[in-house]
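Peer 1: Mind looking over this structure? Questions follow.
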Amino acid sequence: MKLGEQLFLAGKSYGQAIRLIDKYKLWSLLILPAILSLIIAIIVGGLAWMTSRDVLTFIINKYSFNDFDEKMGSVLKFTLSIIVRLVMLFFYLKIYRYLILIILSPVFVNISNALQSAIYGDNQKADIWSYCYCSFRGIKIAIRNFIYEILLTFVLVFISLIIFWILPLIPILILFIESYFFGMTLMDYKFNQNDIGQKDGISITRNHSGLAITNGLVFNLIILVPIIGVIVGPVWAFIASWEACDHIKFLAANVNKINKPI
């Protein structure tokens with residue numbers, strides 16, 4: 001599948017996700033993740049606000065603005081407050097995304113099983129151990145991807161301090177990295193549903209990075225919509241990812257075992 005096809009498929013899958021939910025009457029599955037996501041967003045948002053306030057107070061108290069006239073001092077303080085709050089928002093959005101992936105892992109497993117049953121008629125109930133394994137696998141890859149994402153973010157920031165001219169590109173590169181790893185985490189639930197090992201699933205994602213990036217990118221845009229975004233975003237992105245992966249599941253038999261996951 002070419003990159004352009006992957007991008008189109010991942011974007012189209014968000015529309016398909018709504019049709020799947022409506023066709024199989026799965027609206028009730030959205031209630032719990034919506035409530036949990038909203039609670040997490042409120043807690044994380046509150047922490048972001050308090051942290052940014054404390055950081056601003058510390059900076060203003062430590063560095064005197066008395067050397068400037070009143071108007072210039074006000075402008076500097078306002079600019080500083082915007083920068084600090086944007087940095088805190090950036091940092092806490094990362095935390096929010098991965099708290100969603102970790103806390104909602106059992107919910108995603110349940111939704112995945114419900115989709116499998118509704119679409120393919122697979123009514124076999126998973127035992128408790130299988131359910132726990134699937135949930136743990138989702139948490140494991142979320143933590144793994146969070147570590148990779150943080151490391152790559154620090155590397156990019158460090159490089160930008162050395163090569164200044166790439167500084168404007170850093171936010172865009174970080175956004176694509178975030179989207180890729182978020183999308184990869186969601187795609188793994190579908191791979192697990194089809195008995196694909198985690199390493200093989202990572203290799204498939206690497207070969208279809210357009211799907212992961214687009215899925216995560218659309219999610220990142222959705223959660224910017226006040227309140228509604230955090231309510232519908234996570235489960236919408238999950239079902240969209242599940243639907244998109246349906247078009248590449250046949251590749252499982254052709255996974256190159258030599259490929260190393262990234």
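Residues are named by chain letter and number: chains run A, B, ... in the order of the structure tokens, numbers start at 1 in each chain, and ligands are numbered from 1 in the order shown.
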Could you give me, as a PyMOL selection string, each residue of range 4-236 of chain A that DSSP assigns to alpha helix (DSSP H) when run on this structure's backbone?
Peer 2: chain A and resi 4-23+31-62+70-103+105-120+128-162+170-193+198-207+209-222+228-236
Peer 1: What are the nearest atom pairs, with distances in Å to one decimal, for all residues of range 143-189 of chain A that come at most 12 Å from range 239-248 of chain A, using only C-alpha atoms, set out by chain and rising residue number as JSON lines?
Peer 2:
{"residue": "A:Tyr180", "atom": "CA", "partner": "A:Ser241", "partner_atom": "CA", "distance": 12.0}
{"residue": "A:Phe182", "atom": "CA", "partner": "A:Ser241", "partner_atom": "CA", "distance": 10.4}
{"residue": "A:Gly183", "atom": "CA", "partner": "A:Ser241", "partner_atom": "CA", "distance": 7.3}
{"residue": "A:Met184", "atom": "CA", "partner": "A:Ser241", "partner_atom": "CA", "distance": 9.0}
{"residue": "A:Thr185", "atom": "CA", "partner": "A:Ser241", "partner_atom": "CA", "distance": 9.6}
{"residue": "A:Leu186", "atom": "CA", "partner": "A:Ser241", "partner_atom": "CA", "distance": 6.3}
{"residue": "A:Met187", "atom": "CA", "partner": "A:Ser241", "partner_atom": "CA", "distance": 5.8}
{"residue": "A:Asp188", "atom": "CA", "partner": "A:Trp242", "partner_atom": "CA", "distance": 9.0}
{"residue": "A:Tyr189", "atom": "CA", "partner": "A:Trp242", "partner_atom": "CA", "distance": 7.6}
Peer 1: Check the smallest atom-to-atom distance from each of A:Asn113, A:Ser179, A:Thr153, A:Thr214 to Tyr14 in chain A using only C-alpha atoms, then report the winner.
Peer 2: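 Once distances to Tyr14 in chain A are computed over only C-alpha atoms, the minimum belongs to A:Thr214.
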Peer 1: Hey, can you check how far CA of Ile139 in chain A sits from CA of Val232 in chain A?
Peer 2: 20.6 Å
Peer 1: Rounded to one decimal place, report the CA of Ile31 in chain A-CA of Cys132 in chain A distance in Å.
Peer 2: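 These atoms are spaced 21.4 Å apart.
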Peer 1: Looking at A:Pro171, A:Gly4, A:Gly46, A:Gly229, which one is nearest to Phe90 in chain A, with distances taken over only C-alpha atoms?
Peer 2: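 Residue with the minimum atom-to-atom distance to Phe90 in chain A: A:Pro171.
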Peer 1: Write out as a PyMOL selection string each polymer residue whose atoms come within 9 Å of Val157 in chain A, counting only C-alpha atoms; drop sequence neighbours fewer than 5 positions from it.
Peer 2: chain A and resi 152+167+170
Peer 1: Which residues come within 10 Å of Pro234 in chain A, counting only C-alpha atoms, excluding same-chain residues fewer than 6 positions away, as a PyMOL selection string?
Peer 2: chain A and resi 30+33-34+37+97+100-101+104+108+186+216+219-220+222-223+240
Peer 1: When you look at range 115-120 of chain A with a cut-off of 12 Å (counting only C-alpha atoms), what residues show up, excluding the ones that are within fewer than 2 positions of it in the same chain? I need them as a tab-separated table (two decimals) with N, CA and C atoms, in the first residue's frame.
Peer 2:
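Saved result, out-v6.tsv, follows:
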chain	number	residue	atom	x	y	z
A	17	ALA	N	-15.75	4.93	10.90
A	17	ALA	CA	-15.94	4.60	12.31
A	17	ALA	C	-17.34	5.00	12.77
A	20	LEU	N	-19.81	2.54	11.37
A	20	LEU	CA	-19.76	1.26	12.07
A	20	LEU	C	-20.54	1.32	13.38
A	21	ILE	N	-20.31	2.38	14.12
A	21	ILE	CA	-20.99	2.54	15.40
A	21	ILE	C	-22.51	2.59	15.20
A	22	ASP	N	-22.93	3.33	14.20
A	22	ASP	CA	-24.37	3.48	13.95
A	22	ASP	C	-24.97	2.19	13.40
A	23	LYS	N	-24.28	1.54	12.48
A	23	LYS	CA	-24.81	0.34	11.85
A	23	LYS	C	-25.03	-0.78	12.85
A	24	TYR	N	-24.06	-0.95	13.78
A	24	TYR	CA	-24.15	-2.07	14.73
A	24	TYR	C	-24.63	-1.63	16.11
A	25	LYS	N	-25.14	-0.40	16.19
A	25	LYS	CA	-25.74	0.12	17.43
A	25	LYS	C	-24.80	-0.04	18.62
A	26	LEU	N	-23.62	0.53	18.48
A	26	LEU	CA	-22.60	0.40	19.51
A	26	LEU	C	-22.40	1.70	20.30
A	27	TRP	N	-23.42	2.57	20.26
A	27	TRP	CA	-23.28	3.88	20.91
A	27	TRP	C	-23.04	3.76	22.41
A	29	LEU	N	-21.17	1.83	23.92
A	29	LEU	CA	-19.76	1.58	24.21
A	29	LEU	C	-18.97	2.88	24.37
A	108	PHE	N	-10.60	-0.30	25.63
A	108	PHE	CA	-10.31	-0.53	24.21
A	108	PHE	C	-10.39	-2.01	23.86
A	109	VAL	N	-9.93	-2.86	24.77
A	109	VAL	CA	-10.03	-4.31	24.55
A	109	VAL	C	-11.49	-4.72	24.43
A	110	ASN	N	-12.32	-4.18	25.29
A	110	ASN	CA	-13.75	-4.50	25.27
A	110	ASN	C	-14.40	-4.02	23.98
A	111	ILE	N	-14.06	-2.81	23.53
A	111	ILE	CA	-14.60	-2.28	22.28
A	111	ILE	C	-14.13	-3.12	21.09
A	112	SER	N	-12.86	-3.52	21.13
A	112	SER	CA	-12.31	-4.35	20.05
A	112	SER	C	-13.06	-5.67	19.96
A	113	ASN	N	-13.34	-6.29	21.11
A	113	ASN	CA	-14.08	-7.55	21.13
A	113	ASN	C	-15.51	-7.35	20.62
A	122	ASP	N	-18.13	-13.18	15.62
A	122	ASP	CA	-17.29	-13.95	16.54
A	122	ASP	C	-17.78	-13.67	17.96
A	123	ASN	N	-18.64	-14.55	18.45
A	123	ASN	CA	-19.26	-14.35	19.77
A	123	ASN	C	-18.53	-15.06	20.89
A	124	GLN	N	-17.36	-15.58	20.62
A	124	GLN	CA	-16.60	-16.28	21.63
A	124	GLN	C	-16.14	-15.31	22.72
A	125	LYS	N	-16.50	-15.61	23.96
A	125	LYS	CA	-16.13	-14.76	25.08
A	125	LYS	C	-14.69	-15.02	25.50
A	126	ALA	N	-13.95	-13.96	25.65
A	126	ALA	CA	-12.57	-14.10	26.10
A	126	ALA	C	-12.55	-14.36	27.61
A	189	TYR	N	-4.01	-3.01	18.99
A	189	TYR	CA	-5.18	-3.76	19.48
A	189	TYR	C	-5.75	-4.63	18.36
A	190	LYS	N	-5.77	-4.11	17.15
A	190	LYS	CA	-6.28	-4.88	16.02
A	190	LYS	C	-5.33	-6.02	15.69
A	192	ASN	N	-3.41	-7.55	17.79
A	192	ASN	CA	-3.61	-8.54	18.86
A	192	ASN	C	-4.87	-9.35	18.61
A	193	GLN	N	-5.91	-8.69	18.11
A	193	GLN	CA	-7.17	-9.37	17.81
A	193	GLN	C	-6.97	-10.44	16.74
A	194	ASN	N	-5.97	-10.23	15.86
A	194	ASN	CA	-5.70	-11.17	14.78
A	194	ASN	C	-4.48	-12.05	15.06
A	238	PHE	N	-9.74	5.31	18.18
A	238	PHE	CA	-9.54	3.87	18.32
A	238	PHE	C	-10.32	3.09	17.26
A	239	ILE	N	-11.59	3.39	17.10
A	239	ILE	CA	-12.41	2.67	16.13
A	239	ILE	C	-11.95	2.97	14.71
A	240	ALA	N	-11.51	4.20	14.46
A	240	ALA	CA	-10.98	4.54	13.14
A	240	ALA	C	-9.72	3.74	12.85
A	242	TRP	N	-8.97	0.81	14.18
A	242	TRP	CA	-9.42	-0.58	14.03
A	242	TRP	C	-9.93	-0.83	12.61
A	243	GLU	N	-10.71	0.13	12.11
A	243	GLU	CA	-11.26	0.02	10.76
A	243	GLU	C	-10.16	0.08	9.71
A	246	ASP	N	-8.13	-3.06	9.29
A	246	ASP	CA	-8.84	-4.15	8.62
A	246	ASP	C	-8.37	-4.32	7.18
Peer 1: Which residue is closest to Ile150 in chain A? Choose from A:Ile128, A:Ile95, A:Ile59, A:Cys134 and count only C-alpha atoms.
Peer 2: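 Comparing A:Ile128, A:Ile95, A:Ile59, A:Cys134 against Ile150 in chain A, the winner is A:Ile95.
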Peer 1: Take CA of Ala237 in chain A and CA of Ser13 in chain A and report the distance between them in Å, one decimal.
Peer 2: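 If I compute the distance from CA of Ala237 in chain A to CA of Ser13 in chain A, I get 9.0 Å.
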